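Q: For reference, this is upload_31.pdb, and it has PDB, C-alpha atoms and all ligand atoms.
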```pdb
ATOM      1  CA  MET A   1     -93.151-223.972  13.690  1.00  0.00           C
ATOM      2  CA  ALA A   2     -96.842-223.217  13.127  1.00  0.00           C
ATOM      3  CA  ARG A   3    -100.254-223.953  14.550  1.00  0.00           C
ATOM      4  CA  ILE A   4    -102.375-225.361  11.748  1.00  0.00           C
ATOM      5  CA  HIS A   5    -106.157-225.227  11.882  1.00  0.00           C
ATOM      6  CA  PHE A   6    -107.450-228.133   9.795  1.00  0.00           C
ATOM      7  CA  LEU A   7    -110.939-227.369   8.502  1.00  0.00           C
ATOM      8  CA  THR A   8    -112.562-230.787   8.297  1.00  0.00           C
ATOM      9  CA  SER A   9    -115.383-232.816   9.770  1.00  0.00           C
ATOM     10  CA  ASN A  10    -113.269-235.978   9.570  1.00  0.00           C
ATOM     11  CA  GLN A  11    -111.221-236.879  12.656  1.00  0.00           C
ATOM     12  CA  GLY A  12    -109.402-239.633  10.764  1.00  0.00           C
ATOM     13  CA  LYS A  13    -107.973-236.987   8.443  1.00  0.00           C
ATOM     14  CA  VAL A  14    -106.895-234.876  11.432  1.00  0.00           C
ATOM     15  CA  ARG A  15    -105.123-237.849  13.054  1.00  0.00           C
ATOM     16  CA  GLU A  16    -103.232-238.587   9.853  1.00  0.00           C
ATOM     17  CA  ALA A  17    -102.263-234.946   9.260  1.00  0.00           C
ATOM     18  CA  ALA A  18    -101.008-234.713  12.869  1.00  0.00           C
ATOM     19  CA  LEU A  19     -99.001-237.919  12.495  1.00  0.00           C
ATOM     20  CA  HIS A  20     -97.357-236.448   9.419  1.00  0.00           C
ATOM     21  CA  LEU A  21     -96.933-232.799  10.472  1.00  0.00           C
ATOM     22  CA  GLU A  22     -96.171-232.965  14.194  1.00  0.00           C
ATOM     23  CA  PRO A  23     -92.699-234.507  13.636  1.00  0.00           C
ATOM     24  CA  LEU A  24     -92.034-231.454  11.425  1.00  0.00           C
ATOM     25  CA  GLY A  25     -92.836-229.250  14.425  1.00  0.00           C
ATOM     26  CA  HIS A  26     -96.383-228.195  13.489  1.00  0.00           C
ATOM     27  CA  ASP A  27     -99.402-228.356  15.805  1.00  0.00           C
ATOM     28  CA  VAL A  28    -102.565-229.617  14.118  1.00  0.00           C
ATOM     29  CA  LEU A  29    -105.972-228.609  15.496  1.00  0.00           C
ATOM     30  CA  GLN A  30    -109.346-229.528  14.040  1.00  0.00           C
ATOM     31  CA  LEU A  31    -111.409-226.486  12.979  1.00  0.00           C
ATOM     32  CA  HIS A  32    -115.198-226.837  12.834  1.00  0.00           C
ATOM     33  CA  VAL A  33    -117.095-224.271  10.793  1.00  0.00           C
ATOM     34  CA  GLU A  34    -120.842-224.620  10.276  1.00  0.00           C
ATOM     35  CA  GLY A  35    -122.279-224.099   6.824  1.00  0.00           C
ATOM     36  CA  ILE A  36    -119.255-224.780   4.581  1.00  0.00           C
ATOM     37  CA  VAL A  37    -120.733-225.720   1.209  1.00  0.00           C
ATOM     38  CA  GLU A  38    -118.923-228.278  -0.951  1.00  0.00           C
ATOM     39  CA  PRO A  39    -119.368-227.131  -4.574  1.00  0.00           C
ATOM     40  CA  GLN A  40    -120.450-229.676  -7.206  1.00  0.00           C
ATOM     41  CA  SER A  41    -117.253-230.018  -9.214  1.00  0.00           C
ATOM     42  CA  ASP A  42    -115.353-232.900 -10.752  1.00  0.00           C
ATOM     43  CA  ASP A  43    -112.089-231.256  -9.690  1.00  0.00           C
ATOM     44  CA  LEU A  44    -110.732-231.899  -6.158  1.00  0.00           C
ATOM     45  CA  GLU A  45    -108.596-228.749  -6.278  1.00  0.00           C
ATOM     46  CA  ALA A  46    -111.616-226.568  -7.113  1.00  0.00           C
ATOM     47  CA  VAL A  47    -113.454-228.065  -4.125  1.00  0.00           C
ATOM     48  CA  ALA A  48    -110.504-227.486  -1.770  1.00  0.00           C
ATOM     49  CA  ARG A  49    -109.977-223.912  -3.006  1.00  0.00           C
ATOM     50  CA  SER A  50    -113.665-223.109  -2.568  1.00  0.00           C
ATOM     51  CA  LYS A  51    -113.639-224.420   1.014  1.00  0.00           C
ATOM     52  CA  ILE A  52    -110.559-222.409   1.915  1.00  0.00           C
ATOM     53  CA  GLU A  53    -112.133-219.241   0.468  1.00  0.00           C
ATOM     54  CA  GLN A  54    -115.271-219.825   2.549  1.00  0.00           C
ATOM     55  CA  ALA A  55    -113.130-220.408   5.660  1.00  0.00           C
ATOM     56  CA  LYS A  56    -111.416-217.031   5.472  1.00  0.00           C
ATOM     57  CA  THR A  57    -114.292-215.288   7.249  1.00  0.00           C
ATOM     58  CA  HIS A  58    -113.975-217.772  10.137  1.00  0.00           C
ATOM     59  CA  LEU A  59    -110.274-217.456  10.960  1.00  0.00           C
ATOM     60  CA  PRO A  60    -109.512-218.125  14.654  1.00  0.00           C
ATOM     61  CA  SER A  61    -107.077-215.168  14.441  1.00  0.00           C
ATOM     62  CA  LYS A  62    -106.052-212.833  11.622  1.00  0.00           C
ATOM     63  CA  ASP A  63    -102.715-214.557  11.012  1.00  0.00           C
ATOM     64  CA  ALA A  64    -104.020-218.133  11.444  1.00  0.00           C
ATOM     65  CA  TRP A  65    -102.926-220.894   9.079  1.00  0.00           C
ATOM     66  CA  ILE A  66    -105.891-222.852   7.697  1.00  0.00           C
ATOM     67  CA  LEU A  67    -105.562-226.264   6.061  1.00  0.00           C
ATOM     68  CA  VAL A  68    -108.192-227.882   3.868  1.00  0.00           C
ATOM     69  CA  GLU A  69    -107.761-231.242   2.175  1.00  0.00           C
ATOM     70  CA  ASP A  70    -110.071-232.944  -0.241  1.00  0.00           C
ATOM     71  CA  ALA A  71    -109.675-236.577  -1.199  1.00  0.00           C
ATOM     72  CA  GLY A  72    -111.444-239.199  -3.269  1.00  0.00           C
ATOM     73  CA  LEU A  73    -111.174-242.823  -4.374  1.00  0.00           C
ATOM     74  CA  PHE A  74    -111.076-243.249  -8.167  1.00  0.00           C
ATOM     75  CA  VAL A  75    -111.797-246.787  -9.450  1.00  0.00           C
ATOM     76  CA  ARG A  76    -110.552-247.360 -12.987  1.00  0.00           C
ATOM     77  CA  SER A  77    -113.106-249.940 -14.127  1.00  0.00           C
ATOM     78  CA  LEU A  78    -115.889-247.633 -12.882  1.00  0.00           C
ATOM     79  CA  ASP A  79    -114.525-244.720 -14.970  1.00  0.00           C
ATOM     80  CA  GLY A  80    -113.241-242.995 -11.844  1.00  0.00           C
ATOM     81  CA  PHE A  81    -116.372-243.425  -9.688  1.00  0.00           C
ATOM     82  CA  PRO A  82    -116.827-242.559  -6.823  1.00  0.00           C
ATOM     83  CA  GLY A  83    -114.108-239.859  -7.222  1.00  0.00           C
ATOM     84  CA  VAL A  84    -115.404-236.482  -6.050  1.00  0.00           C
ATOM     85  CA  TYR A  85    -118.583-238.248  -4.897  1.00  0.00           C
ATOM     86  CA  SER A  86    -116.651-240.504  -2.494  1.00  0.00           C
ATOM     87  CA  ALA A  87    -118.222-239.098   0.691  1.00  0.00           C
ATOM     88  CA  HIS A  88    -121.727-239.632  -0.716  1.00  0.00           C
ATOM     89  CA  ALA A  89    -120.836-243.130  -1.960  1.00  0.00           C
ATOM     90  CA  LEU A  90    -119.400-244.068   1.449  1.00  0.00           C
ATOM     91  CA  ASN A  91    -122.548-242.824   3.221  1.00  0.00           C
ATOM     92  CA  THR A  92    -124.871-244.677   0.844  1.00  0.00           C
ATOM     93  CA  ILE A  93    -123.459-247.910  -0.643  1.00  0.00           C
ATOM     94  CA  GLY A  94    -120.391-247.997   1.665  1.00  0.00           C
ATOM     95  CA  CYS A  95    -117.417-250.321   1.314  1.00  0.00           C
ATOM     96  CA  ALA A  96    -119.695-253.351   0.859  1.00  0.00           C
ATOM     97  CA  GLY A  97    -121.563-251.650  -1.977  1.00  0.00           C
ATOM     98  CA  LEU A  98    -118.353-250.765  -3.800  1.00  0.00           C
ATOM     99  CA  LEU A  99    -117.195-254.394  -3.512  1.00  0.00           C
ATOM    100  CA  ARG A 100    -120.550-255.483  -4.980  1.00  0.00           C
ATOM    101  CA  LEU A 101    -120.095-253.128  -7.942  1.00  0.00           C
ATOM    102  CA  LEU A 102    -116.810-254.895  -8.721  1.00  0.00           C
ATOM    103  CA  SER A 103    -117.899-258.432  -7.915  1.00  0.00           C
ATOM    104  CA  HIS A 104    -118.072-259.457 -11.605  1.00  0.00           C
ATOM    105  CA  LEU A 105    -114.361-258.605 -12.105  1.00  0.00           C
ATOM    106  CA  GLN A 106    -112.639-261.910 -11.503  1.00  0.00           C
ATOM    107  CA  SER A 107    -109.675-263.710 -12.988  1.00  0.00           C
ATOM    108  CA  LYS A 108    -107.736-266.784 -11.883  1.00  0.00           C
ATOM    109  CA  ASP A 109    -104.560-264.858 -12.764  1.00  0.00           C
ATOM    110  CA  LEU A 110    -103.837-262.650  -9.735  1.00  0.00           C
ATOM    111  CA  ARG A 111    -101.981-260.066 -11.832  1.00  0.00           C
ATOM    112  CA  VAL A 112    -104.901-259.749 -14.250  1.00  0.00           C
ATOM    113  CA  GLU A 113    -107.309-259.453 -11.351  1.00  0.00           C
ATOM    114  CA  ALA A 114    -105.135-256.757  -9.711  1.00  0.00           C
ATOM    115  CA  GLY A 115    -105.305-254.776 -12.977  1.00  0.00           C
ATOM    116  CA  LEU A 116    -109.071-255.156 -13.213  1.00  0.00           C
ATOM    117  CA  ARG A 117    -109.478-253.814  -9.679  1.00  0.00           C
ATOM    118  CA  GLU A 118    -107.071-250.893 -10.086  1.00  0.00           C
ATOM    119  CA  ALA A 119    -107.953-247.749  -8.161  1.00  0.00           C
ATOM    120  CA  GLU A 120    -106.246-244.757  -6.670  1.00  0.00           C
ATOM    121  CA  PHE A 121    -106.746-242.312  -3.868  1.00  0.00           C
ATOM    122  CA  ARG A 122    -106.091-238.684  -4.780  1.00  0.00           C
ATOM    123  CA  ALA A 123    -105.773-235.772  -2.394  1.00  0.00           C
ATOM    124  CA  VAL A 124    -105.404-232.024  -2.771  1.00  0.00           C
ATOM    125  CA  ALA A 125    -104.242-230.065   0.282  1.00  0.00           C
ATOM    126  CA  CYS A 126    -104.630-226.279   0.435  1.00  0.00           C
ATOM    127  CA  LEU A 127    -102.964-224.085   3.053  1.00  0.00           C
ATOM    128  CA  ARG A 128    -103.971-220.456   3.591  1.00  0.00           C
ATOM    129  CA  THR A 129    -101.384-218.320   5.381  1.00  0.00           C
ATOM    130  CA  PRO A 130    -101.430-214.518   5.656  1.00  0.00           C
ATOM    131  CA  GLU A 131     -99.074-214.543   2.629  1.00  0.00           C
ATOM    132  CA  GLY A 132    -101.423-216.487   0.354  1.00  0.00           C
ATOM    133  CA  VAL A 133    -102.673-219.941  -0.629  1.00  0.00           C
ATOM    134  CA  LEU A 134    -100.420-222.935  -1.370  1.00  0.00           C
ATOM    135  CA  VAL A 135    -101.635-226.174  -2.966  1.00  0.00           C
ATOM    136  CA  GLY A 136    -100.169-229.706  -2.800  1.00  0.00           C
ATOM    137  CA  HIS A 137    -101.198-232.869  -4.662  1.00  0.00           C
ATOM    138  CA  GLY A 138    -100.833-236.523  -3.720  1.00  0.00           C
ATOM    139  CA  ARG A 139    -101.900-239.832  -5.190  1.00  0.00           C
ATOM    140  CA  CYS A 140    -101.753-243.400  -4.013  1.00  0.00           C
ATOM    141  CA  PRO A 141    -102.287-246.062  -6.677  1.00  0.00           C
ATOM    142  CA  GLY A 142    -103.496-249.477  -5.602  1.00  0.00           C
ATOM    143  CA  ARG A 143    -106.378-251.844  -5.954  1.00  0.00           C
ATOM    144  CA  ILE A 144    -109.720-252.699  -4.425  1.00  0.00           C
ATOM    145  CA  ALA A 145    -109.491-255.779  -2.191  1.00  0.00           C
ATOM    146  CA  ALA A 146    -111.700-258.833  -2.782  1.00  0.00           C
ATOM    147  CA  THR A 147    -113.137-258.558   0.730  1.00  0.00           C
ATOM    148  CA  GLN A 148    -113.011-256.069   3.597  1.00  0.00           C
ATOM    149  CA  ASP A 149    -109.893-256.404   5.743  1.00  0.00           C
ATOM    150  CA  GLY A 150    -108.887-254.644   8.983  1.00  0.00           C
ATOM    151  CA  GLU A 151    -110.455-252.561  11.719  1.00  0.00           C
ATOM    152  CA  GLY A 152    -108.290-249.429  11.603  1.00  0.00           C
ATOM    153  CA  GLY A 153    -108.309-246.285   9.488  1.00  0.00           C
ATOM    154  CA  PHE A 154    -111.522-244.786   8.158  1.00  0.00           C
ATOM    155  CA  GLY A 155    -113.634-244.431   5.041  1.00  0.00           C
ATOM    156  CA  PHE A 156    -112.637-246.811   2.254  1.00  0.00           C
ATOM    157  CA  ASP A 157    -109.492-248.018   4.062  1.00  0.00           C
ATOM    158  CA  PRO A 158    -110.870-251.580   4.648  1.00  0.00           C
ATOM    159  CA  ILE A 159    -111.073-252.213   0.883  1.00  0.00           C
ATOM    160  CA  PHE A 160    -107.964-250.434  -0.437  1.00  0.00           C
ATOM    161  CA  ILE A 161    -104.569-252.129  -0.914  1.00  0.00           C
ATOM    162  CA  PRO A 162    -101.802-249.725  -1.970  1.00  0.00           C
ATOM    163  CA  ARG A 163     -99.306-250.682  -4.679  1.00  0.00           C
ATOM    164  CA  ASP A 164     -95.845-251.615  -3.411  1.00  0.00           C
ATOM    165  CA  LEU A 165     -93.171-248.916  -3.425  1.00  0.00           C
ATOM    166  CA  ASP A 166     -89.592-249.030  -4.668  1.00  0.00           C
ATOM    167  CA  LEU A 167     -86.686-247.993  -2.433  1.00  0.00           C
ATOM    168  CA  ALA A 168     -87.141-244.369  -3.531  1.00  0.00           C
ATOM    169  CA  GLY A 169     -90.734-244.527  -2.243  1.00  0.00           C
ATOM    170  CA  GLN A 170     -92.273-244.501  -5.732  1.00  0.00           C
ATOM    171  CA  PRO A 171     -95.166-246.873  -6.574  1.00  0.00           C
ATOM    172  CA  VAL A 172     -94.144-249.831  -8.772  1.00  0.00           C
ATOM    173  CA  GLU A 173     -96.246-251.057 -11.730  1.00  0.00           C
ATOM    174  CA  ALA A 174     -99.589-252.721 -10.937  1.00  0.00           C
ATOM    175  CA  GLY A 175     -99.073-256.362  -9.967  1.00  0.00           C
ATOM    176  CA  GLU A 176     -95.284-255.953  -9.473  1.00  0.00           C
ATOM    177  CA  ASN A 177     -93.506-256.530  -6.150  1.00  0.00           C
ATOM    178  CA  GLY A 178     -91.577-253.618  -4.619  1.00  0.00           C
ATOM    179  CA  GLU A 179     -89.227-253.286  -1.670  1.00  0.00           C
ATOM    180  CA  ILE A 180     -91.848-251.618   0.517  1.00  0.00           C
ATOM    181  CA  SER A 181     -95.167-253.437   0.788  1.00  0.00           C
ATOM    182  CA  THR A 182     -98.270-253.917   2.937  1.00  0.00           C
ATOM    183  CA  HIS A 183     -98.110-257.567   1.748  1.00  0.00           C
ATOM    184  CA  GLY A 184    -101.610-257.502   0.357  1.00  0.00           C
ATOM    185  CA  ARG A 185    -103.144-255.928   3.457  1.00  0.00           C
ATOM    186  CA  THR A 186    -105.478-252.962   3.232  1.00  0.00           C
ATOM    187  CA  PHE A 187    -104.928-249.527   4.787  1.00  0.00           C
ATOM    188  CA  ALA A 188    -107.323-250.572   7.577  1.00  0.00           C
ATOM    189  CA  ALA A 189    -105.119-253.555   8.461  1.00  0.00           C
ATOM    190  CA  VAL A 190    -101.794-251.711   8.815  1.00  0.00           C
ATOM    191  CA  GLU A 191    -100.453-249.293  11.427  1.00  0.00           C
ATOM    192  CA  PRO A 192    -101.148-245.575  10.850  1.00  0.00           C
ATOM    193  CA  ALA A 193     -97.395-244.998  10.401  1.00  0.00           C
ATOM    194  CA  THR A 194     -97.386-247.572   7.581  1.00  0.00           C
ATOM    195  CA  LYS A 195    -100.355-245.914   5.857  1.00  0.00           C
ATOM    196  CA  ASP A 196     -98.418-242.624   6.078  1.00  0.00           C
ATOM    197  CA  VAL A 197     -95.583-244.132   4.002  1.00  0.00           C
ATOM    198  CA  PHE A 198     -97.974-244.832   1.108  1.00  0.00           C
ATOM    199  CA  SER A 199    -100.864-242.440   1.448  1.00  0.00           C
ATOM    200  CA  HIS A 200    -102.180-239.767  -0.895  1.00  0.00           C
ATOM    201  CA  ARG A 201    -102.719-237.506   2.159  1.00  0.00           C
ATOM    202  CA  ALA A 202     -99.101-237.747   3.330  1.00  0.00           C
ATOM    203  CA  ARG A 203     -97.911-237.100  -0.229  1.00  0.00           C
ATOM    204  CA  ALA A 204    -100.173-234.062  -0.684  1.00  0.00           C
ATOM    205  CA  LEU A 205     -98.971-232.652   2.653  1.00  0.00           C
ATOM    206  CA  LYS A 206     -95.339-233.310   1.723  1.00  0.00           C
ATOM    207  CA  ASP A 207     -95.812-231.525  -1.618  1.00  0.00           C
ATOM    208  CA  LEU A 208     -97.576-228.646   0.142  1.00  0.00           C
ATOM    209  CA  PHE A 209     -95.136-228.144   3.016  1.00  0.00           C
ATOM    210  CA  ALA A 210     -92.143-228.319   0.669  1.00  0.00           C
ATOM    211  CA  GLN A 211     -93.450-224.969  -0.641  1.00  0.00           C
ATOM    212  CA  VAL A 212     -93.635-223.290   2.799  1.00  0.00           C
ATOM    213  CA  PRO A 213     -90.636-220.978   3.191  1.00  0.00           C
ATOM    214  CA  SER A 214     -88.324-222.530   5.803  1.00  0.00           C
ATOM    215  CA  GLU A 215     -87.928-219.328   7.863  1.00  0.00           C
ATOM    216  CA  ARG A 216     -91.631-219.645   8.873  1.00  0.00           C
TER     217      ARG A 216
HETATM  218  P1  LIG K 301    -114.149-233.070   5.015  1.00  0.00           P
HETATM  219  O1  LIG K 301    -114.596-232.806   3.586  1.00  0.00           O
HETATM  220  O2  LIG K 301    -115.001-232.439   6.063  1.00  0.00           O
HETATM  221  O3  LIG K 301    -112.674-232.779   5.207  1.00  0.00           O
HETATM  222  P2  LIG K 301    -114.729-235.837   4.320  1.00  0.00           P
HETATM  223  O4  LIG K 301    -114.762-237.096   5.131  1.00  0.00           O
HETATM  224  O5  LIG K 301    -115.971-235.483   3.541  1.00  0.00           O
HETATM  225  O6  LIG K 301    -114.274-234.658   5.290  1.00  0.00           O
HETATM  226  P3  LIG K 301    -113.261-235.923   1.811  1.00  0.00           P
HETATM  227  O7  LIG K 301    -114.352-235.158   1.117  1.00  0.00           O
HETATM  228  O8  LIG K 301    -111.858-235.492   1.588  1.00  0.00           O
HETATM  229  O9  LIG K 301    -113.478-235.921   3.394  1.00  0.00           O
HETATM  230  O10 LIG K 301    -113.300-237.454   1.504  1.00  0.00           O
HETATM  231  C1  LIG K 301    -114.244-238.045   0.632  1.00  0.00           C
HETATM  232  C2  LIG K 301    -114.523-239.434   1.080  1.00  0.00           C
HETATM  233  O11 LIG K 301    -113.382-240.251   0.842  1.00  0.00           O
HETATM  234  C3  LIG K 301    -114.884-239.556   2.563  1.00  0.00           C
HETATM  235  O12 LIG K 301    -115.977-240.439   2.669  1.00  0.00           O
HETATM  236  C4  LIG K 301    -113.663-240.154   3.196  1.00  0.00           C
HETATM  237  O13 LIG K 301    -114.023-241.015   4.271  1.00  0.00           O
HETATM  238  C5  LIG K 301    -113.032-240.934   2.029  1.00  0.00           C
HETATM  239  N1  LIG K 301    -111.587-240.865   2.208  1.00  0.00           N
HETATM  240  C6  LIG K 301    -110.794-239.765   2.096  1.00  0.00           C
HETATM  241  N2  LIG K 301    -109.525-240.062   2.409  1.00  0.00           N
HETATM  242  C7  LIG K 301    -109.513-241.370   2.737  1.00  0.00           C
HETATM  243  C8  LIG K 301    -108.524-242.256   3.195  1.00  0.00           C
HETATM  244  O14 LIG K 301    -107.280-241.853   3.404  1.00  0.00           O
HETATM  245  N3  LIG K 301    -108.858-243.525   3.441  1.00  0.00           N
HETATM  246  C9  LIG K 301    -110.116-243.960   3.259  1.00  0.00           C
HETATM  247  N4  LIG K 301    -111.131-243.183   2.852  1.00  0.00           N
HETATM  248  C10 LIG K 301    -110.835-241.894   2.597  1.00  0.00           C
END
```
I'd like the structure from this file rewritten - as structure tokens, please.
Ligand code: ITT
A:
Amino acid sequence: MARIHFLTSNQGKVREAALHLEPLGHDVLQLHVEGIVEPQSDDLEAVARSKIEQAKTHLPSKDAWILVEDAGLFVRSLDGFPGVYSAHALNTIGCAGLLRLLSHLQSKDLRVEAGLREAEFRAVACLRTPEGVLVGHGRCPGRIAATQDGEGGFGFDPIFIPRDLDLAGQPVEAGENGEISTHGRTFAAVEPATKDVFSHRARALKDLFAQVPSER
């Protein structure tokens, strides 16, 4: 259907977008542009919209489709930190540092502990076509693992366990069991196709591409 130029420095994001969009008939190519400035904002959508505006002077062709996607990990007991500062937090304290920040949150009751470690990934995907800009949102509630687990994925994947889903694909309440589950494994410990079933990125892309007129 369309060739999509994904403006990102993160190859993990490109792999996941391709896994999600190629079965829908789209080609996904990574687009590198030097000098894109990420504005200081506590709003993921504002960041994504700013990046897509900056990209418009670097289009590979005048009718190119450009995708930008901004994500963050929001930890409830840290009042949403690292949130929009996730890239900086990953590059500084990393997964180990985030686990240390939560190390005092312990309970013998697994359900209580799951609640104390609640977190969610959020993503905003923005697509610029010659007709205008479309925006999609996705979230993935879950919890921060007690220890790092798995070698796959990227970023905070080794410490994030998504909440189970019901048969309709909706997240169940924290601590509840659903029909679809990673069985307590993190995103880094499951196959990419399994992450796609749960992930904020897949959900933002689904929301976004549902708005693309089907004749395109
Ligand atoms: P671009 O802005 O160039 O696209 P980035 O890696 O900075 O790449 P984000 O700003 O969207 O991407 O992500 C903020 C941080 O959150 C970054 O450190 C990512 O590694 C991490 N992150 C985003 N999505 C993630 C995911 O699905 N799993 C694990 N970590 C993720």
Q: Find the axis-aligned box for ligand LIG 301 (chain K), covering all its listed atoms and adding 5 Å on each side, and write its centre and edge lengths in Å to one decimal as AutoDock Vina command-line options.
A:
```
--center_x -111.6 --center_y -238.2 --center_z 3.3 --size_x 18.7 --size_y 21.5 --size_z 15.4
```
Q: With all atoms listed in the file as the counted atoms, please give the residues lying no more than 7 Å from range 115-120 of chain A, apart from itself and same-chain residues fewer than 3 positions off, as a list in words.
A: Leu73, Phe74, Val75, Arg76, Ser77, Leu105, Arg111, Val112, Arg139, Cys140, Pro141, Gly142, Arg143, Ile144 and Ala174 of chain A
Q: So that I can check the surroundings of Gly155 in chain A, please list as number ranges by chain every protein, DNA and RNA residue that reaches within 10 Å of it, counting all atoms listed in the file and ignoring chain neighbours fewer than 5 positions away.
A: A: 10, 12-13, 73, 86-87, 90-91, 94-95, 160, 188
Q: Counting only C-alpha atoms and all ligand atoms, what are the residues of chain A within 9 Å of ligand LIG 301 (chain K), and for each of them which pair of atoms is the nearest and at what distance in Å, to one decimal? Sort the table by chain and rising number, as a Markdown table.
A:
```
| residue | atom | partner | partner_atom | distance |
| --- | --- | --- | --- | --- |
| A:Phe6 | CA | K:LIG301 | O3 | 8.4 |
| A:Leu7 | CA | K:LIG301 | O3 | 6.6 |
| A:Thr8 | CA | K:LIG301 | O3 | 3.7 |
| A:Ser9 | CA | K:LIG301 | O2 | 3.7 |
| A:Asn10 | CA | K:LIG301 | O6 | 4.6 |
| A:Gln11 | CA | K:LIG301 | O6 | 8.3 |
| A:Gly12 | CA | K:LIG301 | O14 | 8.0 |
| A:Lys13 | CA | K:LIG301 | N2 | 6.9 |
| A:Val14 | CA | K:LIG301 | O3 | 8.7 |
| A:Glu16 | CA | K:LIG301 | O14 | 8.3 |
| A:His32 | CA | K:LIG301 | O2 | 8.8 |
| A:Ile36 | CA | K:LIG301 | O2 | 8.9 |
| A:Glu38 | CA | K:LIG301 | O1 | 7.7 |
| A:Leu44 | CA | K:LIG301 | O8 | 8.6 |
| A:Val47 | CA | K:LIG301 | O7 | 8.9 |
| A:Ala48 | CA | K:LIG301 | O1 | 8.6 |
| A:Lys51 | CA | K:LIG301 | O1 | 8.8 |
| A:Val68 | CA | K:LIG301 | O3 | 6.8 |
| A:Glu69 | CA | K:LIG301 | O8 | 5.9 |
| A:Asp70 | CA | K:LIG301 | O8 | 3.6 |
| A:Ala71 | CA | K:LIG301 | O8 | 3.7 |
| A:Gly72 | CA | K:LIG301 | O11 | 4.7 |
| A:Leu73 | CA | K:LIG301 | O11 | 6.2 |
| A:Pro82 | CA | K:LIG301 | O11 | 8.7 |
| A:Gly83 | CA | K:LIG301 | C1 | 8.1 |
| A:Val84 | CA | K:LIG301 | C1 | 7.0 |
| A:Tyr85 | CA | K:LIG301 | C1 | 7.0 |
| A:Ser86 | CA | K:LIG301 | C2 | 4.3 |
| A:Ala87 | CA | K:LIG301 | O12 | 3.3 |
| A:His88 | CA | K:LIG301 | O12 | 6.7 |
| A:Ala89 | CA | K:LIG301 | O12 | 7.2 |
| A:Leu90 | CA | K:LIG301 | O12 | 5.1 |
| A:Asn91 | CA | K:LIG301 | O12 | 7.0 |
| A:Gly94 | CA | K:LIG301 | O12 | 8.8 |
| A:Phe121 | CA | K:LIG301 | C7 | 7.2 |
| A:Arg122 | CA | K:LIG301 | N2 | 8.1 |
| A:Ala123 | CA | K:LIG301 | O8 | 7.3 |
| A:Val124 | CA | K:LIG301 | O8 | 8.5 |
| A:Gly153 | CA | K:LIG301 | N3 | 6.7 |
| A:Phe154 | CA | K:LIG301 | C9 | 5.2 |
| A:Gly155 | CA | K:LIG301 | O13 | 3.5 |
| A:Phe156 | CA | K:LIG301 | C9 | 3.9 |
| A:Asp157 | CA | K:LIG301 | C9 | 4.2 |
| A:Pro158 | CA | K:LIG301 | C9 | 7.8 |
| A:Ile159 | CA | K:LIG301 | C9 | 8.6 |
| A:Phe160 | CA | K:LIG301 | C9 | 7.8 |
| A:Phe187 | CA | K:LIG301 | N3 | 7.3 |
| A:Ala188 | CA | K:LIG301 | N3 | 8.3 |
| A:Lys195 | CA | K:LIG301 | O14 | 8.4 |
| A:Ser199 | CA | K:LIG301 | O14 | 6.7 |
| A:His200 | CA | K:LIG301 | O14 | 7.0 |
| A:Arg201 | CA | K:LIG301 | O14 | 6.4 |
```
Q: Return the single residue from A:Ala145, A:Ile4, A:Leu31, A:Cys126 that is closest to His58 in chain A, with distances computed using all atoms listed in the file.
A: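 Looking at the shortest contact to His58 in chain A, the residue is A:Leu31.
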Q: Please write range 182-212 of chain A of the preceding block to a file containing C-alpha atoms, as a PDB file, in the first residue's frame?
A:
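Below is the file that was written, out.pdb:
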```
ATOM      1  CA  THR A 182       3.350 -13.634  29.007  1.00  0.00           C
ATOM      2  CA  HIS A 183       3.194 -15.746  32.213  1.00  0.00           C
ATOM      3  CA  GLY A 184       5.221 -13.276  34.207  1.00  0.00           C
ATOM      4  CA  ARG A 185       7.929 -12.899  31.568  1.00  0.00           C
ATOM      5  CA  THR A 186       9.161  -9.502  30.456  1.00  0.00           C
ATOM      6  CA  PHE A 187       8.989  -8.076  26.926  1.00  0.00           C
ATOM      7  CA  ALA A 188      12.678  -8.994  26.536  1.00  0.00           C
ATOM      8  CA  ALA A 189      11.926 -12.661  27.262  1.00  0.00           C
ATOM      9  CA  VAL A 190       9.118 -13.171  24.725  1.00  0.00           C
ATOM     10  CA  GLU A 191       9.083 -13.385  20.928  1.00  0.00           C
ATOM     11  CA  PRO A 192       8.662 -10.094  19.021  1.00  0.00           C
ATOM     12  CA  ALA A 193       5.280 -11.332  17.738  1.00  0.00           C
ATOM     13  CA  THR A 194       4.136 -11.801  21.350  1.00  0.00           C
ATOM     14  CA  LYS A 195       5.265  -8.292  22.321  1.00  0.00           C
ATOM     15  CA  ASP A 196       3.247  -7.009  19.336  1.00  0.00           C
ATOM     16  CA  VAL A 197       0.055  -8.489  20.836  1.00  0.00           C
ATOM     17  CA  PHE A 198       0.475  -6.383  23.995  1.00  0.00           C
ATOM     18  CA  SER A 199       2.575  -3.396  23.071  1.00  0.00           C
ATOM     19  CA  HIS A 200       1.844   0.319  23.243  1.00  0.00           C
ATOM     20  CA  ARG A 201       3.602   0.715  19.854  1.00  0.00           C
ATOM     21  CA  ALA A 202       1.387  -1.835  18.089  1.00  0.00           C
ATOM     22  CA  ARG A 203      -1.695  -0.225  19.642  1.00  0.00           C
ATOM     23  CA  ALA A 204      -0.664   3.301  18.612  1.00  0.00           C
ATOM     24  CA  LEU A 205       0.001   2.080  15.057  1.00  0.00           C
ATOM     25  CA  LYS A 206      -3.337   0.253  14.966  1.00  0.00           C
ATOM     26  CA  ASP A 207      -5.156   3.399  16.135  1.00  0.00           C
ATOM     27  CA  LEU A 208      -3.248   5.480  13.579  1.00  0.00           C
ATOM     28  CA  PHE A 209      -3.684   3.218  10.553  1.00  0.00           C
ATOM     29  CA  ALA A 210      -7.391   2.748  11.282  1.00  0.00           C
ATOM     30  CA  GLN A 211      -7.667   6.438  10.306  1.00  0.00           C
ATOM     31  CA  VAL A 212      -5.874   6.052   6.942  1.00  0.00           C
TER      32      VAL A 212
END
```
